[in-house]
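Notes to accompany the following structure.
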Amino acid sequence: MSDENGDQAGLRRFHPDYRWDGVELKVYKEDGRDLFRDVTRQVLFSRADLAGELRYFEVAVGGFTTLERHEHVHAVLILRGRGRALVGDRIVDFETNDLITIPPLTWHQFRAAGDQPMGFLCMVDAVRDKPQLPSPEDVAALRSSAPVDEFLG
Ligand code: MN
């Protein structure tokens, strides 16, 4: 069984720029809606005989991931840097090596903090529902909390 990168087995070396041998870097294209900023993705493990996928996301200084929710859960391990996350109605400050769980149908967004990129591993179901984006009413409800309003900027 080979993975999506065609490798039979074994070692993919880590490089200090948070790249791994043979793993494609996908740069998320911004489209003017400012849904996210300066985010890249690398799929580290994705195989037909594994029910999950492990991805590495990196958020540049000042960047943030999409505010979204979905039925599938995320298990997140911060691998690099620090930042803040919205998880439901809570704002969480996190450091390297912290773990964050995103439950089903919970609004979430990750933002880099400080002067270095923030990177995290994210484990998901291989077969999963599409993320939902917030409606204007959802955003208004989220912003009714002062800390969340400040977080969203
Ligand atoms: Mn998500």
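Scheme for the structure tokens: letters A, B, ... for chains in order shown; per-chain residue numbers from 1; ligand numbers from 1 in order shown.
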key: Residues flagged alpha helix (DSSP H) by DSSP in chain A, as a ChimeraX atom specification   = /A:136-143,146-152
Please write the residues from the selection above to a file, keeping N, CA, C and O atoms, as a tab-separated table (two decimals), in the first residue's frame.
chain	number	residue	atom	x	y	z
A	136	PRO	N	-23.73	36.02	8.13
A	136	PRO	CA	-23.63	37.30	8.85
A	136	PRO	C	-24.28	37.22	10.24
A	136	PRO	O	-23.77	37.82	11.20
A	137	GLU	N	-25.37	36.44	10.35
A	137	GLU	CA	-26.02	36.29	11.68
A	137	GLU	C	-25.12	35.51	12.63
A	137	GLU	O	-25.05	35.83	13.83
A	138	ASP	N	-24.43	34.49	12.11
A	138	ASP	CA	-23.49	33.74	12.95
A	138	ASP	C	-22.37	34.65	13.46
A	138	ASP	O	-21.97	34.59	14.63
A	139	VAL	N	-21.84	35.47	12.53
A	139	VAL	CA	-20.75	36.37	12.92
A	139	VAL	C	-21.24	37.35	13.98
A	139	VAL	O	-20.54	37.62	14.98
A	140	ALA	N	-22.46	37.88	13.80
A	140	ALA	CA	-23.00	38.83	14.77
A	140	ALA	C	-23.16	38.16	16.13
A	140	ALA	O	-22.85	38.77	17.17
A	141	ALA	N	-23.62	36.90	16.14
A	141	ALA	CA	-23.79	36.18	17.41
A	141	ALA	C	-22.43	35.96	18.07
A	141	ALA	O	-22.28	36.16	19.29
A	142	LEU	N	-21.42	35.59	17.28
A	142	LEU	CA	-20.08	35.40	17.84
A	142	LEU	C	-19.54	36.71	18.41
A	142	LEU	O	-18.96	36.74	19.50
A	143	ARG	N	-19.76	37.80	17.67
A	143	ARG	CA	-19.20	39.09	18.08
A	143	ARG	C	-19.96	39.70	19.27
A	143	ARG	O	-19.52	40.73	19.82
A	146	ALA	N	-17.55	40.12	23.88
A	146	ALA	CA	-16.47	41.10	23.70
A	146	ALA	C	-15.12	40.44	23.42
A	146	ALA	O	-14.38	40.88	22.53
A	147	PRO	N	-14.74	39.39	24.17
A	147	PRO	CA	-13.44	38.75	23.86
A	147	PRO	C	-13.39	38.16	22.45
A	147	PRO	O	-12.34	38.21	21.80
A	148	VAL	N	-14.51	37.58	22.01
A	148	VAL	CA	-14.52	37.00	20.66
A	148	VAL	C	-14.45	38.11	19.62
A	148	VAL	O	-13.76	38.01	18.61
A	149	ASP	N	-15.17	39.20	19.87
A	149	ASP	CA	-15.14	40.35	18.97
A	149	ASP	C	-13.72	40.87	18.82
A	149	ASP	O	-13.24	41.15	17.71
A	150	GLU	N	-13.02	40.98	19.95
A	150	GLU	CA	-11.63	41.45	19.92
A	150	GLU	C	-10.73	40.46	19.18
A	150	GLU	O	-9.86	40.84	18.39
A	151	PHE	N	-10.98	39.17	19.42
A	151	PHE	CA	-10.19	38.13	18.76
A	151	PHE	C	-10.34	38.20	17.25
A	151	PHE	O	-9.36	38.11	16.49
A	152	LEU	N	-11.57	38.38	16.78
A	152	LEU	CA	-11.83	38.35	15.33
A	152	LEU	C	-11.28	39.60	14.64
A	152	LEU	O	-11.06	39.57	13.43
inquiry  = What does the list of residues within 12 Å of ligand 1 look like if you count only C-alpha atoms and all ligand atoms, written as a PyMOL selection string?
reply    = chain A and resi 36+55+57+65-76+85-88+100-110+122-125+128-133
key: Those in segment 45-120 of chain A with strand (DSSP E) from DSSP, as a VMD selection string   = chain A and resid 45 to 46 52 to 64 74 to 80 82 to 87 90 to 94 99 to 102 108 to 113 118 to 120
task = Extract, using only C-alpha atoms, all DNA, RNA and protein residues at most 10 Å from segment 10-14 of chain A, discarding same-chain residues fewer than 5 positions from it, and format them as a PyMOL selection string.
result = chain A and resi 19-23+44
Selection to disk with N, CA, C and O atoms, as a tab-separated table (two decimals), in the first residue's frame:
chain	number	residue	atom	x	y	z
A	19	ARG	N	9.46	21.41	6.43
A	19	ARG	CA	9.09	20.63	5.26
A	19	ARG	C	9.56	19.21	5.49
A	19	ARG	O	10.46	18.96	6.30
A	20	TRP	N	8.92	18.26	4.82
A	20	TRP	CA	9.30	16.85	4.89
A	20	TRP	C	9.55	16.35	3.47
A	20	TRP	O	8.84	16.75	2.53
A	21	ASP	N	10.54	15.46	3.36
A	21	ASP	CA	10.90	14.94	2.04
A	21	ASP	C	9.67	14.41	1.32
A	21	ASP	O	8.90	13.60	1.87
A	22	GLY	N	9.48	14.84	0.10
A	22	GLY	CA	8.44	14.28	-0.76
A	22	GLY	C	7.03	14.71	-0.44
A	22	GLY	O	6.09	14.20	-1.03
A	23	VAL	N	6.86	15.62	0.50
A	23	VAL	CA	5.52	16.10	0.86
A	23	VAL	C	5.27	17.44	0.18
A	23	VAL	O	6.04	18.38	0.35
A	44	LEU	N	0.63	14.91	5.62
A	44	LEU	CA	1.75	14.05	6.02
A	44	LEU	C	1.42	12.58	5.87
A	44	LEU	O	2.26	11.78	5.47
request  = Give the answer as one residue: which of A:Gly114, A:Pro16, A:Gly52, A:Gly119 has the shortest atom-to-atom distance to Thr40 of chain A, using only C-alpha atoms?
outcome  =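 Of all the options, A:Gly119 lies closest to Thr40 of chain A.
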ask   = Looking at A:Arg111, A:Arg41, A:Arg82, A:His15, which one is nearest to Leu99 of chain A, with distances taken over only C-alpha atoms?
value = A:Arg82
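Comparing A:Gly81, A:Asp89, A:Asp98, A:Phe120 by their smallest distance to Leu54 of chain A, the closest is A:Phe120 (using only C-alpha atoms).
In terms of minimum interatomic distance to Gly153 of chain A, A:Gly62 ranks closest within A:Gln116, A:Gly62, A:Asp49, A:Asn97, counting only C-alpha atoms.
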request  = Choose the residue, out of A:Tyr28, A:Arg37, A:Ala113, A:Ile91, that has the smallest atom-to-atom separation from Gly63 of chain A; count only C-alpha atoms.
outcome  =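 Once distances to Gly63 of chain A are computed over only C-alpha atoms, the minimum belongs to A:Arg37.
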ask   = Which value, in Å to one decimal, gives the distance between atom CA of Asp115 of chain A and atom CA of Val61 of chain A?
value =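 So the answer is 6.0 Å.
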query = Within 7 Å of Val59 of chain A, counting only C-alpha atoms, which residues qualify if same-chain residues fewer than 5 places away don't, as a ChimeraX atom specification?
reply = /A:38-40,64,112,117-119
Export of prior selection with N, CA, C and O atoms as an mmCIF file, in the first residue's frame:
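Saved file selection-v1.cif follows:
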data_model
loop_
_atom_site.group_PDB
_atom_site.id
_atom_site.type_symbol
_atom_site.label_atom_id
_atom_site.label_comp_id
_atom_site.auth_asym_id
_atom_site.auth_seq_id
_atom_site.Cartn_x
_atom_site.Cartn_y
_atom_site.Cartn_z
ATOM 1 N N ASP A 38 -2.355 33.824 4.802
ATOM 2 C CA ASP A 38 -0.998 33.271 4.891
ATOM 3 C C ASP A 38 -0.975 31.879 5.525
ATOM 4 O O ASP A 38 -0.302 31.647 6.529
ATOM 5 N N VAL A 39 -1.716 30.949 4.923
ATOM 6 C CA VAL A 39 -1.814 29.584 5.436
ATOM 7 C C VAL A 39 -1.295 28.608 4.387
ATOM 8 O O VAL A 39 -1.643 28.721 3.204
ATOM 9 N N THR A 40 -0.457 27.671 4.819
ATOM 10 C CA THR A 40 -0.030 26.570 3.944
ATOM 11 C C THR A 40 -0.437 25.246 4.575
ATOM 12 O O THR A 40 -0.673 25.157 5.779
ATOM 13 N N PHE A 64 -3.995 33.878 9.826
ATOM 14 C CA PHE A 64 -5.050 33.163 10.550
ATOM 15 C C PHE A 64 -5.733 32.181 9.619
ATOM 16 O O PHE A 64 -5.752 32.364 8.407
ATOM 17 N N ALA A 112 -1.873 33.166 14.436
ATOM 18 C CA ALA A 112 -0.476 33.210 14.870
ATOM 19 C C ALA A 112 -0.271 34.417 15.771
ATOM 20 O O ALA A 112 -0.898 35.459 15.576
ATOM 21 N N PRO A 117 6.417 32.122 12.609
ATOM 22 C CA PRO A 117 5.274 31.367 12.112
ATOM 23 C C PRO A 117 4.729 30.424 13.183
ATOM 24 O O PRO A 117 5.454 30.006 14.089
ATOM 25 N N MET A 118 3.443 30.110 13.062
ATOM 26 C CA MET A 118 2.799 29.161 13.959
ATOM 27 C C MET A 118 2.377 27.951 13.117
ATOM 28 O O MET A 118 1.683 28.109 12.100
ATOM 29 N N GLY A 119 2.832 26.758 13.542
ATOM 30 C CA GLY A 119 2.520 25.555 12.779
ATOM 31 C C GLY A 119 1.901 24.500 13.676
ATOM 32 O O GLY A 119 2.236 24.389 14.857
#
